[in-house]
Amino acid sequence: MNRLTLYSFPFLLTVALLLVSNGCNTTGGPGSGGLVTNAGAAEEVYVAPGQYDEFYAFLSGGFSGQIGVYGLPSGRLLKVIPVFSVDAEKAYGFNEETKPMLNTSFGFIPWDDAHHPELSQTKGQTDGRWIFINGNNTPRIARVDLSTFETAEIIEIPNSGGNHSSPFTTENTEYVVAGTRFGVPYPQNDVAISSYAENFKGMLTFIKVNPESGEMEIAFQVLLPAFDYDLAHSGKGKSHGWTFFTSYNTELKNTLLEVNASQNDKDFIAAINWKKAEEYLAQGKFKEIPARYAHNMYSDETHQATSTMQEKVKVLLPEECPGLVYFLPTPKSPHGVDVDPTGEYIVGNGKLSADLTVHSFSKMLAAIENQSFETTIAGIPVLKYEEVVGGVVKEPGLGPLHTEFDGNGNAYTTFFISSEIVKWKVGTWEVLDRVPCYYSVGHLMIPGGDSQHPQGKYMLAMNKITKDRYLPTGPELNQSAQLYDISGDKMRLLLDFPTVGEPHYAQGISADRVVPRVLKFYPIEENKHPYAALGEKQAKVVRQGNEVHVYMTTIRSHFAPDNIEGIKVGDKVFFHVTNLEQDWDVPHGFAVMGNDNSEILIMPGQTETSVWEPKRPGVYPFYCTDFCSALHQEMQGYIRISPANSTLPLKWSLGEDIVQ
Ligand SMILES: [Cu+2]
């Protein structure tokens with residue numbers, strides 16, 4: 001049996017604090033560490049004006065709820081995609097069309113904490129079609145369409161709390177998964193928190209993805225003990241058909257987890273055989289239970305989102321489904337679980353362990369075959385540790401979190417406490433190289449680095465602490481990313497750049513897999529928005545009781561209509577603005593004074609709606625918010641608001657005066 005040297009938690013904490021306080025220059029000068037000594041580095045990240053970057057990088061926004069899209073190697077910010085949080089820049093969650101995207105079983109939720117972007121894959125390779133990302137707080141999975149770079153779908157995850165081990169994909173995007181970090185009462189219920197061990201459960205969710213449309217549907221959930229399921233990755237190649245989830249808090253504690261959940265020498269990786277699950281589903285061996293969750297879809301035809309409430313979900317119980325779940329003992333509170341490109345090795349990054357434990361898929365299958373079980377927990381066999389370990393990387397660093405692969409047989413693991421990335425050889429387990437990170441690296445990303453076919457040229461470290469890396473910006477500094485060249489034997493730091501929100505995981509993909517699919521504008525003849533005006537002649541204002549619908553068009557450089565009278569205090573005004581432009585990158589904006597709402601920003605060929613409830617009589621200007629032409633400043637209009645008892649008729653015009 002392998003003997004593991006385990007540092008005690010207080011020791012690790014002390015080391016961590018020492019490193020954080022000593023590692024950075026806290027006196028206010030520029031950081032001294034990590035200076036680029038390679039004079040060629042600047043040239044390697046320089047992308048000349050007008051040239052494209054080689055890779056897209058999608059970094060989660062963390063508590064911003066969004067995705068930041070960057071070019072690599074330049075580190076240039078290309079776009080922020082609104083996903084789980086309202087975004088005034090793009091009117092996401094402010095216009096009527098996208099409000100349903102943020103609907104949940106709790107109602108409209110304007111924010112979430114987005115952690116792990118995951119690109120769709122075909123045959124184990126990133127295919128540039130969609131990127132999925134999890135909302136941690138109110139459990140949700142979103143799908144972003146990479147032809148529009150807009151959020152196309154969000155599905156809520158029931159029976160879950162802290163949707164952290166999500167949304168990792170299988171090699172043909174058959175499924176994306178969602179695992180609960182928090183145990184929650186099952187069913188959700190008013191019970192004593194101290195009844196955790198008895199009443200709380202952990203649920204892992206498999207979401208089927210339609211191979212053509214990308215549409216998501218919860219296929220099944222697996223009911224497990226209330227461990228904290230932290231991260232996941234699916235098998236590939238030989239291990240295709242399995243998904244692995246790390247867990248901590250196998251102690252089943254509900255208070256002071258920093259101590260109480262660090263007691264067991266080993267926690268578990270839960271290995272789920274989802275092909276077996278499909279057999280059990282086909283045999284009807286599931287329980288259908290009531291579960292309320294929202295499913296929200298955006299249509300590029302109607303330019304509108306719809307929200308549907310789902311009412312039930314299929315649950316598989318491991319004790320009734322032998323062969324569905326096995327536990328692999330893994331030291332010690334493992335965080336990331338990462339599968340190498342061959343699918344043979346499953347790296348459990350035990351964050352309080354001195355060594356890095358790597359399980360062997362073949363040995364796991366043999367152990368299952370031989371029934372080499374230590375025990376069973378809730379009907380789930382626990383495999384014998386020594387029967388499933390494929391190798392151990394000895395004392396590579398402190399606080400391992402995540403591992404990615406370069407496709408050349410090398411693995412790269414981040415160490416939070418010792419603030420470094422360590423390169424090691426898969427199979428021989430020898431450490432090959434190490435580089436410091438500034439400071440305290442969390443996730444790392446190699447384009448395709450969690451797929452069967454990594455594009456191992458660059459590696460991005462996403463660091464949790466910035467301190468002295470950039471000009472100070474008050475108590476908070478944006479999180480720092482660092483780009484390394486990994487094409488040679490030694491890793492070389494090339495670039496630091498600040499990010500948006502708090503990046504956790506990221507995904508990268510070569511631009512040539514995305515660019516050919518990118519939409520430049522929405523064809524106006526395909527616009528099926530019920531309130532679209534598909535030409536200026538269709539512009540009109542219609543009163544329905546106290547609702548007034550303005551069918552407005554916009555084209556360089558005017559609105560139609562641009563003078564409106566006969567609207568009263570107490571009316572609810574819907575500005576349905578259609579952008580008639582049919583050219584790339586010519587959005588128009590619309591904003592009216594005193595509206596308790598954001599602007600709207602309408603893409604060419606699209607219709608968006610802003611709702612305004614005017615509060616006081618007067619004449620209020622509106623204007624285009626996006627500088628669109630030399631006469632952009634002329635792109636303005638007026639709306640006259642009369643008292644509630646006014647009898648002024650509704651009239652509108654463009655190019656001539658309204659005569660009342
Ligand atoms: Cu404009």
# chains A, B, ... in the order shown; residues from 1 in each chain; ligands from 1

call {"tool": "residues_near_ligand", "arguments": {"ligand": "ligand 1", "cutoff": "10 Å", "atoms": "only C-alpha atoms and all ligand atoms", "output": "list in words"}}
result
Thr554, Ile555, Arg556, Ser557, His558, Phe559, Asn579, Val586, Pro587, His588, Gly589, Phe590, Leu601, Ile602, Tyr623, Cys624, Thr625, Asp626, Phe627, Cys628, Ser629, Ala630, Leu631, His632, Gln633, Glu634, Met635 and Gln636 of chain A

call {"tool": "residues_around", "arguments": {"residues": "Met216 of chain A", "least_positions_apart": "2", "cutoff": "10 Å", "atoms": "only C-alpha atoms", "output": "PyMOL selection string"}}
result
chain A and resi 141-143+153-155+175-176+206-211+213-214+218-219+295-297

call {"tool": "select_by_dssp", "arguments": {"residues": "segment 438-638 of chain A", "states": "helix (DSSP H, G or I)", "output": "count of residues only"}}
result
15

call {"tool": "closest_atom_pairs", "arguments": {"of": "segment 429-477 of chain A", "to": "segment 333-349 of chain A", "cutoff": "7 Å", "atoms": "only C-alpha atoms", "output": "JSON lines"}}
result
{"residue": "A:Ser451", "atom": "CA", "partner": "A:Pro341", "partner_atom": "CA", "distance": 6.1}
{"residue": "A:Gln452", "atom": "CA", "partner": "A:Pro341", "partner_atom": "CA", "distance": 4.2}
{"residue": "A:His453", "atom": "CA", "partner": "A:Pro341", "partner_atom": "CA", "distance": 6.6}

call {"tool": "closest_residue", "arguments": {"among": "A:Phe55, A:Tyr298, A:Phe220, A:Tyr505", "to": "Lys275 of chain A", "atoms": "only C-alpha atoms"}}
result
A:Phe220

call {"tool": "select_by_dssp", "arguments": {"residues": "segment 284-422 of chain A", "states": "strand (DSSP E)", "output": "NGL selection string"}}
result
:A and (287-299 or 304-316 or 325-330 or 334-339 or 345-350 or 356-360 or 373-377 or 380-383 or 389-393 or 400-405 or 410-415 or 420-422)
